[in-house]
>>> print(open('query_28.json').read())   # JSON, C-alpha atoms
[["chain", "number", "residue", "atom", "x", "y", "z"],
["A", 1, "MET", "CA", -22.54, 6.85, 11.63],
["A", 2, "THR", "CA", -20.73, 8.20, 14.68],
["A", 3, "THR", "CA", -17.06, 8.81, 14.07],
["A", 4, "GLY", "CA", -14.47, 8.72, 16.82],
["A", 5, "ASN", "CA", -10.76, 8.47, 16.17],
["A", 6, "THR", "CA", -9.13, 7.79, 12.82],
["A", 7, "TYR", "CA", -6.02, 5.62, 12.65],
["A", 8, "ILE", "CA", -3.82, 4.59, 9.72],
["A", 9, "VAL", "CA", -1.70, 1.50, 10.23],
["A", 10, "GLY", "CA", 1.48, 0.59, 8.36],
["A", 11, "ASP", "CA", 2.26, -2.75, 6.70],
["A", 12, "ILE", "CA", 0.61, -5.54, 8.72],
["A", 13, "GLN", "CA", 1.88, -8.43, 6.56],
["A", 14, "GLY", "CA", -0.13, -11.13, 8.26],
["A", 15, "CYS", "CA", 1.14, -10.26, 11.75],
["A", 16, "ALA", "CA", -2.15, -10.77, 13.58],
["A", 17, "ASP", "CA", -0.59, -10.68, 17.06],
["A", 18, "GLY", "CA", 1.05, -7.33, 16.33],
["A", 19, "LEU", "CA", -2.15, -5.89, 14.92],
["A", 20, "ASN", "CA", -4.13, -6.98, 17.98],
["A", 21, "ALA", "CA", -1.49, -5.53, 20.30],
["A", 22, "LEU", "CA", -1.56, -2.23, 18.41],
["A", 23, "LEU", "CA", -5.36, -2.02, 18.48],
["A", 24, "ASP", "CA", -5.26, -2.72, 22.22],
["A", 25, "LYS", "CA", -2.64, -0.02, 22.77],
["A", 26, "ILE", "CA", -4.69, 2.64, 20.98],
["A", 27, "ASN", "CA", -7.90, 1.44, 22.69],
["A", 28, "PHE", "CA", -9.52, 1.03, 19.30],
["A", 29, "ASP", "CA", -13.30, 1.35, 19.61],
["A", 30, "ARG", "CA", -14.97, -0.83, 16.97],
["A", 31, "ALA", "CA", -18.21, 1.11, 17.34],
["A", 32, "THR", "CA", -16.89, 4.61, 16.65],
["A", 33, "ASP", "CA", -13.25, 4.55, 15.46],
["A", 34, "ARG", "CA", -12.03, 4.05, 11.90],
["A", 35, "LEU", "CA", -8.97, 2.08, 10.77],
["A", 36, "PHE", "CA", -7.16, 2.54, 7.47],
["A", 37, "ALA", "CA", -4.25, 0.44, 6.21],
["A", 38, "VAL", "CA", -1.57, 1.32, 3.66],
["A", 39, "GLY", "CA", -1.53, -2.14, 2.06],
["A", 40, "ASP", "CA", 0.37, -5.41, 2.40],
["A", 41, "LEU", "CA", -2.25, -6.79, 4.75],
["A", 42, "VAL", "CA", -0.97, -10.34, 4.19],
["A", 43, "ALA", "CA", 2.16, -12.48, 3.71],
["A", 44, "ARG", "CA", 5.31, -13.20, 5.70],
["A", 45, "GLY", "CA", 3.66, -12.88, 9.12],
["A", 46, "GLU", "CA", 2.50, -15.74, 11.33],
["A", 47, "ASP", "CA", -1.23, -15.66, 10.52],
["A", 48, "SER", "CA", -2.54, -13.95, 7.39],
["A", 49, "LEU", "CA", -5.93, -15.62, 7.78],
["A", 50, "ALA", "CA", -6.50, -14.27, 11.31],
["A", 51, "THR", "CA", -5.38, -10.84, 10.12],
["A", 52, "VAL", "CA", -7.89, -10.83, 7.27],
["A", 53, "LYS", "CA", -10.68, -12.13, 9.51],
["A", 54, "LEU", "CA", -10.05, -9.36, 12.04],
["A", 55, "LEU", "CA", -10.07, -6.65, 9.37],
["A", 56, "MET", "CA", -13.12, -8.02, 7.57],
["A", 57, "GLY", "CA", -14.89, -8.10, 10.93],
["A", 58, "LEU", "CA", -14.54, -4.32, 11.22],
["A", 59, "GLY", "CA", -16.95, -3.87, 8.32],
["A", 60, "ASP", "CA", -17.19, -0.31, 7.04],
["A", 61, "ARG", "CA", -14.97, 0.87, 9.90],
["A", 62, "PHE", "CA", -12.01, -0.44, 7.90],
["A", 63, "HIS", "CA", -10.60, 0.58, 4.53],
["A", 64, "ALA", "CA", -7.31, -0.17, 2.80],
["A", 65, "VAL", "CA", -5.31, 0.32, -0.33],
["A", 66, "LEU", "CA", -3.72, -2.65, -2.05],
["A", 67, "GLY", "CA", -0.04, -3.45, -1.68],
["A", 68, "ASN", "CA", 2.15, -5.65, -3.83],
["A", 69, "HIS", "CA", 1.65, -8.63, -1.50],
["A", 70, "ASP", "CA", -2.13, -8.26, -1.63],
["A", 71, "LEU", "CA", -2.09, -8.23, -5.43],
["A", 72, "HIS", "CA", 0.29, -11.20, -5.41],
["A", 73, "LEU", "CA", -2.14, -13.11, -3.19],
["A", 74, "LEU", "CA", -4.92, -12.47, -5.72],
["A", 75, "ALA", "CA", -2.64, -13.70, -8.51],
["A", 76, "VAL", "CA", -1.75, -16.84, -6.55],
["A", 77, "THR", "CA", -5.43, -17.67, -5.99],
["A", 78, "GLN", "CA", -5.97, -17.58, -9.76],
["A", 79, "GLY", "CA", -3.01, -19.83, -10.57],
["A", 80, "ILE", "CA", -1.01, -17.00, -12.14],
["A", 81, "ARG", "CA", 1.87, -17.33, -9.67],
["A", 82, "LYS", "CA", 2.95, -19.96, -7.16],
["A", 83, "VAL", "CA", 3.01, -19.16, -3.48],
["A", 84, "LYS", "CA", 6.47, -18.82, -1.96],
["A", 85, "LYS", "CA", 7.38, -20.58, 1.26],
["A", 86, "SER", "CA", 8.30, -17.20, 2.77],
["A", 87, "ASP", "CA", 4.75, -15.95, 2.09],
["A", 88, "ARG", "CA", 3.43, -18.19, 4.90],
["A", 89, "MET", "CA", -0.12, -18.03, 3.52],
["A", 90, "ASP", "CA", -1.11, -21.70, 3.54],
["A", 91, "ASN", "CA", -3.89, -21.24, 6.10],
["A", 92, "LEU", "CA", -5.33, -18.36, 4.11],
["A", 93, "LEU", "CA", -5.16, -20.20, 0.78],
["A", 94, "ASN", "CA", -6.84, -23.24, 2.34],
["A", 95, "ALA", "CA", -9.62, -21.25, 4.03],
["A", 96, "SER", "CA", -13.15, -22.39, 3.23],
["A", 97, "ASP", "CA", -14.23, -18.80, 2.65],
["A", 98, "LEU", "CA", -11.33, -17.89, 0.36],
["A", 99, "PRO", "CA", -13.74, -16.77, -2.41],
["A", 100, "ASP", "CA", -15.24, -14.21, 0.00],
["A", 101, "ILE", "CA", -11.77, -12.99, 0.95],
["A", 102, "ILE", "CA", -10.86, -12.58, -2.73],
["A", 103, "GLU", "CA", -14.01, -10.54, -3.38],
["A", 104, "TRP", "CA", -13.30, -8.40, -0.32],
["A", 105, "LEU", "CA", -9.73, -7.64, -1.43],
["A", 106, "ARG", "CA", -10.77, -6.84, -5.01],
["A", 107, "GLN", "CA", -12.86, -3.91, -3.80],
["A", 108, "PHE", "CA", -9.87, -1.97, -2.45],
["A", 109, "PRO", "CA", -8.17, 0.67, -4.64],
["A", 110, "LEU", "CA", -4.49, 1.50, -5.14],
["A", 111, "ALA", "CA", -4.94, 4.99, -3.68],
["A", 112, "TYR", "CA", -7.54, 6.52, -1.39],
["A", 113, "GLN", "CA", -8.34, 10.04, -0.20],
["A", 114, "ILE", "CA", -8.93, 9.87, 3.55],
["A", 115, "ASP", "CA", -9.72, 13.56, 4.06],
["A", 116, "GLU", "CA", -8.95, 16.82, 2.28],
["A", 117, "ASN", "CA", -5.32, 16.70, 3.45],
["A", 118, "HIS", "CA", -4.38, 13.01, 3.46],
["A", 119, "VAL", "CA", -4.14, 10.50, 0.63],
["A", 120, "MET", "CA", -2.81, 6.99, 1.17],
["A", 121, "VAL", "CA", -1.05, 4.72, -1.32],
["A", 122, "HIS", "CA", 1.12, 1.69, -0.66],
["A", 123, "ALA", "CA", 4.43, 2.75, -2.23],
["A", 124, "GLY", "CA", 4.09, 6.48, -2.84],
["A", 125, "LEU", "CA", 3.17, 9.31, -5.19],
["A", 126, "TYR", "CA", 5.01, 9.21, -8.51],
["A", 127, "PRO", "CA", 6.56, 12.71, -8.88],
["A", 128, "LEU", "CA", 4.94, 13.52, -12.22],
["A", 129, "TRP", "CA", 1.46, 12.99, -10.75],
["A", 130, "SER", "CA", -0.79, 15.26, -8.73],
["A", 131, "VAL", "CA", -2.99, 13.72, -6.04],
["A", 132, "PRO", "CA", -6.07, 13.97, -8.32],
["A", 133, "THR", "CA", -4.09, 12.22, -11.09],
["A", 134, "LEU", "CA", -3.07, 9.47, -8.66],
["A", 135, "LEU", "CA", -6.69, 8.93, -7.64],
["A", 136, "SER", "CA", -7.88, 8.95, -11.24],
["A", 137, "LEU", "CA", -5.27, 6.36, -12.30],
["A", 138, "SER", "CA", -6.11, 4.26, -9.26],
["A", 139, "ASP", "CA", -9.74, 4.31, -10.39],
["A", 140, "GLU", "CA", -8.71, 3.06, -13.84],
["A", 141, "VAL", "CA", -7.12, -0.02, -12.30],
["A", 142, "SER", "CA", -9.91, -0.50, -9.75],
["A", 143, "GLN", "CA", -12.61, -0.56, -12.41],
["A", 144, "VAL", "CA", -10.84, -3.49, -14.07],
["A", 145, "LEU", "CA", -10.01, -5.22, -10.79],
["A", 146, "LYS", "CA", -13.67, -5.15, -9.78],
["A", 147, "GLY", "CA", -14.83, -6.26, -13.24],
["A", 148, "ASP", "CA", -14.95, -9.46, -15.25],
["A", 149, "ASP", "CA", -11.48, -9.07, -16.77],
["A", 150, "TRP", "CA", -9.59, -8.76, -13.48],
["A", 151, "VAL", "CA", -7.62, -12.01, -13.86],
["A", 152, "THR", "CA", -6.22, -10.88, -17.22],
["A", 153, "MET", "CA", -4.96, -7.66, -15.65],
["A", 154, "LEU", "CA", -3.28, -9.56, -12.81],
["A", 155, "ASN", "CA", -1.67, -11.85, -15.37],
["A", 156, "ASN", "CA", -0.27, -8.81, -17.18],
["A", 157, "MET", "CA", 0.92, -6.84, -14.15],
["A", 158, "TYR", "CA", 4.21, -8.70, -13.63],
["A", 159, "GLY", "CA", 7.29, -7.03, -15.13],
["A", 160, "ASN", "CA", 9.38, -3.89, -14.74],
["A", 161, "SER", "CA", 8.63, -2.07, -17.97],
["A", 162, "PRO", "CA", 7.74, 0.57, -18.89],
["A", 163, "THR", "CA", 9.81, 2.39, -16.29],
["A", 164, "ARG", "CA", 8.78, 5.93, -17.27],
["A", 165, "TRP", "CA", 5.31, 7.44, -17.30],
["A", 166, "LYS", "CA", 3.72, 8.82, -20.44],
["A", 167, "LYS", "CA", 0.10, 9.91, -20.66],
["A", 168, "SER", "CA", -0.04, 8.09, -24.00],
["A", 169, "LEU", "CA", 0.55, 4.67, -22.40],
["A", 170, "LYS", "CA", -2.27, 2.27, -23.16],
["A", 171, "GLY", "CA", -3.49, -1.19, -22.27],
["A", 172, "LYS", "CA", -1.37, -3.53, -20.20],
["A", 173, "ASP", "CA", 1.68, -1.22, -20.26],
["A", 174, "ARG", "CA", -0.38, 1.60, -18.74],
["A", 175, "ALA", "CA", -1.91, -0.62, -16.07],
["A", 176, "ARG", "CA", 1.46, -2.19, -15.23],
["A", 177, "PHE", "CA", 3.13, 1.19, -14.74],
["A", 178, "ILE", "CA", 0.28, 2.45, -12.54],
["A", 179, "ILE", "CA", 0.41, -0.70, -10.40],
["A", 180, "ASN", "CA", 4.22, -0.63, -10.15],
["A", 181, "ALA", "CA", 4.31, 3.05, -9.19],
["A", 182, "CYS", "CA", 1.60, 2.60, -6.57],
["A", 183, "THR", "CA", 2.80, -0.67, -5.04],
["A", 184, "ARG", "CA", 6.52, -1.21, -5.79],
["A", 185, "MET", "CA", 8.20, 2.20, -6.15],
["A", 186, "ARG", "CA", 11.10, 3.22, -3.92],
["A", 187, "PHE", "CA", 13.87, 4.86, -5.93],
["A", 188, "LEU", "CA", 13.88, 6.78, -9.19],
["A", 189, "MET", "CA", 16.63, 7.48, -11.68],
["A", 190, "PRO", "CA", 17.41, 11.14, -12.51],
["A", 191, "ASP", "CA", 15.15, 10.86, -15.58],
["A", 192, "GLN", "CA", 12.28, 9.84, -13.25],
["A", 193, "SER", "CA", 12.26, 6.24, -14.39],
["A", 194, "LEU", "CA", 11.49, 3.61, -11.75],
["A", 195, "ASP", "CA", 14.33, 1.52, -10.30],
["A", 196, "PHE", "CA", 13.37, -1.86, -8.86],
["A", 197, "ASP", "CA", 16.79, -3.16, -7.79],
["A", 198, "ALA", "CA", 17.58, -1.02, -4.74],
["A", 199, "LYS", "CA", 15.47, -1.78, -1.67],
["A", 200, "GLY", "CA", 17.60, -0.59, 1.23],
["A", 201, "SER", "CA", 17.85, 2.76, 2.96],
["A", 202, "PRO", "CA", 18.73, 5.86, 0.92],
["A", 203, "MET", "CA", 22.08, 6.08, 2.77],
["A", 204, "ASP", "CA", 23.10, 2.60, 1.59],
["A", 205, "SER", "CA", 21.98, 2.90, -2.04],
["A", 206, "PRO", "CA", 23.72, 4.03, -5.25],
["A", 207, "SER", "CA", 24.23, 7.79, -5.35],
["A", 208, "ASN", "CA", 22.46, 8.19, -8.70],
["A", 209, "LEU", "CA", 19.18, 6.92, -7.25],
["A", 210, "ILE", "CA", 16.70, 9.34, -5.66],
["A", 211, "PRO", "CA", 13.99, 8.33, -3.15],
["A", 212, "TRP", "CA", 10.67, 9.12, -4.81],
["A", 213, "TYR", "CA", 9.69, 11.55, -2.04],
["A", 214, "GLN", "CA", 12.84, 13.63, -2.66],
["A", 215, "CYS", "CA", 12.03, 14.17, -6.32],
["A", 216, "PRO", "CA", 10.47, 17.57, -7.04],
["A", 217, "ASN", "CA", 6.70, 17.41, -7.47],
["A", 218, "ASN", "CA", 5.35, 20.78, -8.57],
["A", 219, "GLN", "CA", 1.78, 19.45, -8.52],
["A", 220, "LEU", "CA", 1.66, 18.54, -4.84],
["A", 221, "GLN", "CA", -0.13, 21.21, -2.83],
["A", 222, "ARG", "CA", 1.27, 22.40, 0.49],
["A", 223, "ASN", "CA", -1.70, 21.08, 2.47],
["A", 224, "GLU", "CA", -1.52, 17.60, 0.89],
["A", 225, "LYS", "CA", 0.14, 14.76, 2.75],
["A", 226, "VAL", "CA", 0.94, 11.34, 1.30],
["A", 227, "VAL", "CA", 0.70, 8.41, 3.72],
["A", 228, "PHE", "CA", 2.51, 5.28, 2.52],
["A", 229, "GLY", "CA", 4.11, 1.99, 3.58],
["A", 230, "HIS", "CA", 6.17, -0.56, 1.63],
["A", 231, "TRP", "CA", 9.64, 0.71, 2.57],
["A", 232, "ALA", "CA", 10.64, -0.82, 5.90],
["A", 233, "ALA", "CA", 14.26, 0.34, 5.57],
["A", 234, "LEU", "CA", 13.11, 3.94, 6.01],
["A", 235, "ASN", "CA", 11.68, 3.09, 9.45],
["A", 236, "GLY", "CA", 9.10, 5.81, 8.83],
["A", 237, "LYS", "CA", 11.67, 8.60, 8.36],
["A", 238, "THR", "CA", 11.39, 10.86, 5.30],
["A", 239, "ARG", "CA", 12.53, 14.20, 6.82],
["A", 240, "ASN", "CA", 9.53, 15.82, 5.18],
["A", 241, "ASP", "CA", 6.19, 16.01, 6.97],
["A", 242, "GLN", "CA", 4.28, 15.92, 3.66],
["A", 243, "PHE", "CA", 5.35, 12.29, 3.25],
["A", 244, "ILE", "CA", 4.38, 10.02, 6.13],
["A", 245, "GLY", "CA", 5.99, 6.58, 6.06],
["A", 246, "LEU", "CA", 4.29, 3.97, 8.24],
["A", 247, "ASP", "CA", 6.12, 0.73, 7.40],
["A", 248, "THR", "CA", 8.36, 0.33, 10.42],
["A", 249, "GLY", "CA", 9.26, -3.32, 9.83],
["A", 250, "TYR", "CA", 7.23, -5.28, 12.38],
["A", 251, "VAL", "CA", 7.51, -8.46, 10.31],
["A", 252, "TRP", "CA", 11.31, -8.02, 10.38],
["A", 253, "GLY", "CA", 11.38, -7.78, 14.17],
["A", 254, "GLN", "CA", 10.96, -4.01, 14.51],
["A", 255, "THR", "CA", 7.65, -2.22, 15.22],
["A", 256, "MET", "CA", 4.12, -1.82, 13.87],
["A", 257, "THR", "CA", 3.00, 1.79, 13.72],
["A", 258, "ALA", "CA", -0.33, 3.59, 13.52],
["A", 259, "LEU", "CA", -0.86, 7.28, 12.84],
["A", 260, "HIS", "CA", -3.61, 8.99, 14.84],
["A", 261, "LEU", "CA", -4.94, 11.32, 12.18],
["A", 262, "GLU", "CA", -6.57, 13.87, 14.45],
["A", 263, "SER", "CA", -3.42, 14.58, 16.48],
["A", 264, "GLY", "CA", -0.67, 13.52, 14.07],
["A", 265, "LYS", "CA", 0.76, 11.28, 16.81],
["A", 266, "ARG", "CA", 2.34, 7.92, 15.97],
["A", 267, "ILE", "CA", 1.78, 4.90, 18.21],
["A", 268, "SER", "CA", 3.90, 1.76, 17.90],
["A", 269, "VAL", "CA", 4.21, -1.73, 19.33],
["A", 270, "SER", "CA", 7.41, -3.77, 19.23],
["A", 271, "ALA", "CA", 7.66, -7.22, 17.68]]
>>> encode(input="query_28.json", output="structure tokens")
Amino acid sequence: MTTGNTYIVGDIQGCADGLNALLDKINFDRATDRLFAVGDLVARGEDSLATVKLLMGLGDRFHAVLGNHDLHLLAVTQGIRKVKKSDRMDNLLNASDLPDIIEWLRQFPLAYQIDENHVMVHAGLYPLWSVPTLLSLSDEVSQVLKGDDWVTMLNNMYGNSPTRWKKSLKGKDRARFIINACTRMRFLMPDQSLDFDAKGSPMDSPSNLIPWYQCPNNQLQRNEKVVFGHWAALNGKTRNDQFIGLDTGYVWGQTMTALHLESGKRISVSA
């Protein structure tokens, strides 16, 4: 397979028009280029169904990790949760090929190694984990999500506890922590427990809370970069080039951003 350019796009959130505009701006070549997405493919935007159709149409040229909205969509389709009006996913939920869409989404992991230097995950890298640990824990969840017991796991994923990681965690508590760290994490307490209340920018948040990417991680190698989304209030700014934030808030009227992996350049379109 011929490989051209590699792009990673931030949170799309059902904004099909923005995604099309961004692909046009980067002159995306469906025959040779590859597109990766940091999760939250659906919800809140004007057309989640068109977004999914476009991405599915890219075949093996596209790969993603799951975000909290993607997992929530799966839960809604199984009657575990009710869709919110703000999700704006009626056309997707009423699609005739919804079963195919569900199967397609279930194949994506929580974390994915793009190349030897870049790993992507929706929310971030929990500071007590190395990149290999992140990928291994993602695999644990993926094996269940792809298997027969996937609905049970989705049913058990809702909740904020446990907030601290222990290797000894088992069962639904272990899976819930892995999912929360990979798809919902923003701030940590000084004891490295997850905080789910603060969602704004670090400048506007309680002083005792620490953005996950500012917590020391002795297991992260110098050549490793973590590409993530989820946190629109950062507007892509982490002040550390090992942590690349790509959620720049298109669905909130800001921009949609793609990272060109080969050059490190960011390309954006305005809402």
>>> closest_residue(input="query_28.json", among="A:Tyr126, A:Phe62, A:Leu145, A:Glu140", to="A:Leu74", atoms="all atoms listed in the file")
A:Leu145
>>> closest_atom_pairs(input="query_28.json", of="stretch 82-180 of chain A", to="stretch 226-248 of chain A", cutoff="7 Å", atoms="all atoms listed in the file", output="CSV")
residue,atom,partner,partner_atom,distance
A:His118,CA,A:Val226,CA,6.0
A:Val119,CA,A:Val226,CA,5.2
A:Met120,CA,A:Val227,CA,4.6
A:Val121,CA,A:Phe228,CA,5.3
A:His122,CA,A:Phe228,CA,5.0
A:Ala123,CA,A:His230,CA,5.4
A:Gly124,CA,A:Phe228,CA,5.7
>>> axis_aligned_box(input="query_28.json", around="stretch 36-51 of chain A", padding_each_side="3 Å", output="JSON")
{"center_x": -0.9, "center_y": -6.6, "center_z": 6.7, "size_x": 18.5, "size_y": 24.3, "size_z": 15.3}
>>> atom_distance(input="query_28.json", atom1="atom CA of A:Leu137", atom2="atom CA of A:Val151")
18.6 Å
>>> closest_residue(input="query_28.json", among="A:Ser268, A:Gln78, A:Thr3, A:Thr255", to="A:Asp24", atoms="all atoms listed in the file")
A:Ser268
>>> atom_distance(input="query_28.json", atom1="atom CA of A:Cys182", atom2="atom CA of A:Thr133")
12.1 Å
>>> residues_around(input="query_28.json", residues="A:Met189", least_positions_apart="4", cutoff="10 Å", atoms="all atoms listed in the file", output="list in words")
Thr163, Arg164, Ser193, Leu194, Asp195, Ser207, Asn208, Leu209, Ile210, Pro211, Trp212 and Cys215 of chain A
>>> atom_distance(input="query_28.json", atom1="atom CA of A:Gln192", atom2="atom CA of A:Val131")
17.3 Å
>>> decode(input="query_28.json", residues="stretch 33-43 of chain A", atoms="all heavy atoms", output="CSV table (one decimal), in the first residue's frame")
chain,number,residue,atom,x,y,z
A,33,ASP,N,-2.9,9.0,1.2
A,33,ASP,CA,-2.7,9.6,2.5
A,33,ASP,C,-3.5,8.8,3.6
A,33,ASP,O,-4.4,8.0,3.3
A,33,ASP,CB,-3.3,11.0,2.5
A,33,ASP,CG,-2.5,12.0,1.7
A,33,ASP,OD1,-1.4,11.6,1.3
A,33,ASP,OD2,-3.0,13.1,1.4
A,34,ARG,N,-3.1,9.0,4.8
A,34,ARG,CA,-3.7,8.3,5.9
A,34,ARG,C,-4.3,9.4,6.9
A,34,ARG,O,-3.6,10.4,7.1
A,34,ARG,CB,-2.7,7.4,6.7
A,34,ARG,CG,-2.2,6.2,5.9
A,34,ARG,CD,-1.4,5.3,6.8
A,34,ARG,NE,-0.2,6.1,7.4
A,34,ARG,CZ,0.5,5.7,8.4
A,34,ARG,NH1,0.1,4.6,9.1
A,34,ARG,NH2,1.5,6.4,8.8
A,35,LEU,N,-5.4,9.1,7.5
A,35,LEU,CA,-6.1,10.0,8.5
A,35,LEU,C,-6.3,9.2,9.8
A,35,LEU,O,-6.9,8.1,9.8
A,35,LEU,CB,-7.4,10.5,7.9
A,35,LEU,CG,-8.1,11.5,8.8
A,35,LEU,CD1,-7.4,12.8,8.9
A,35,LEU,CD2,-9.5,11.7,8.3
A,36,PHE,N,-5.8,9.8,10.9
A,36,PHE,CA,-6.1,9.3,12.2
A,36,PHE,C,-6.9,10.3,12.9
A,36,PHE,O,-6.9,11.5,12.6
A,36,PHE,CB,-4.8,9.1,13.0
A,36,PHE,CG,-3.9,8.0,12.4
A,36,PHE,CD1,-3.0,8.2,11.4
A,36,PHE,CD2,-4.0,6.7,12.8
A,36,PHE,CE1,-2.2,7.2,10.9
A,36,PHE,CE2,-3.3,5.7,12.3
A,36,PHE,CZ,-2.3,5.9,11.3
A,37,ALA,N,-7.7,9.9,13.9
A,37,ALA,CA,-8.6,10.8,14.7
A,37,ALA,C,-8.5,10.4,16.2
A,37,ALA,O,-8.4,9.2,16.5
A,37,ALA,CB,-10.0,10.7,14.2
A,38,VAL,N,-8.4,11.4,17.0
A,38,VAL,CA,-8.2,11.2,18.4
A,38,VAL,C,-9.5,11.0,19.2
A,38,VAL,O,-9.5,11.0,20.4
A,38,VAL,CB,-7.5,12.5,19.1
A,38,VAL,CG1,-6.1,12.7,18.5
A,38,VAL,CG2,-8.3,13.7,18.9
A,39,GLY,N,-10.6,10.6,18.5
A,39,GLY,CA,-11.8,10.2,19.2
A,39,GLY,C,-12.8,11.4,19.3
A,39,GLY,O,-12.5,12.5,18.9
A,40,ASP,N,-14.0,11.0,19.8
A,40,ASP,CA,-15.2,11.9,19.7
A,40,ASP,C,-15.4,12.2,18.2
A,40,ASP,O,-15.4,13.4,17.8
A,40,ASP,CB,-15.0,13.2,20.6
A,40,ASP,CG,-15.3,12.9,22.0
A,40,ASP,OD1,-15.6,11.8,22.4
A,40,ASP,OD2,-15.3,13.9,22.8
A,41,LEU,N,-15.7,11.2,17.5
A,41,LEU,CA,-16.1,11.3,16.1
A,41,LEU,C,-17.5,11.9,15.9
A,41,LEU,O,-17.8,12.6,14.9
A,41,LEU,CB,-16.0,10.0,15.4
A,41,LEU,CG,-14.7,9.2,15.6
A,41,LEU,CD1,-14.8,7.8,14.8
A,41,LEU,CD2,-13.5,9.9,15.1
A,42,VAL,N,-18.3,11.6,16.9
A,42,VAL,CA,-19.8,11.9,16.8
A,42,VAL,C,-20.2,12.8,18.0
A,42,VAL,O,-19.5,13.1,18.9
A,42,VAL,CB,-20.6,10.6,16.8
A,42,VAL,CG1,-20.2,9.8,15.7
A,42,VAL,CG2,-20.4,9.9,18.2
A,43,ALA,N,-21.4,13.3,17.8
A,43,ALA,CA,-22.2,14.1,18.9
A,43,ALA,C,-21.9,15.6,18.9
A,43,ALA,O,-20.8,16.0,18.7
A,43,ALA,CB,-22.0,13.5,20.2
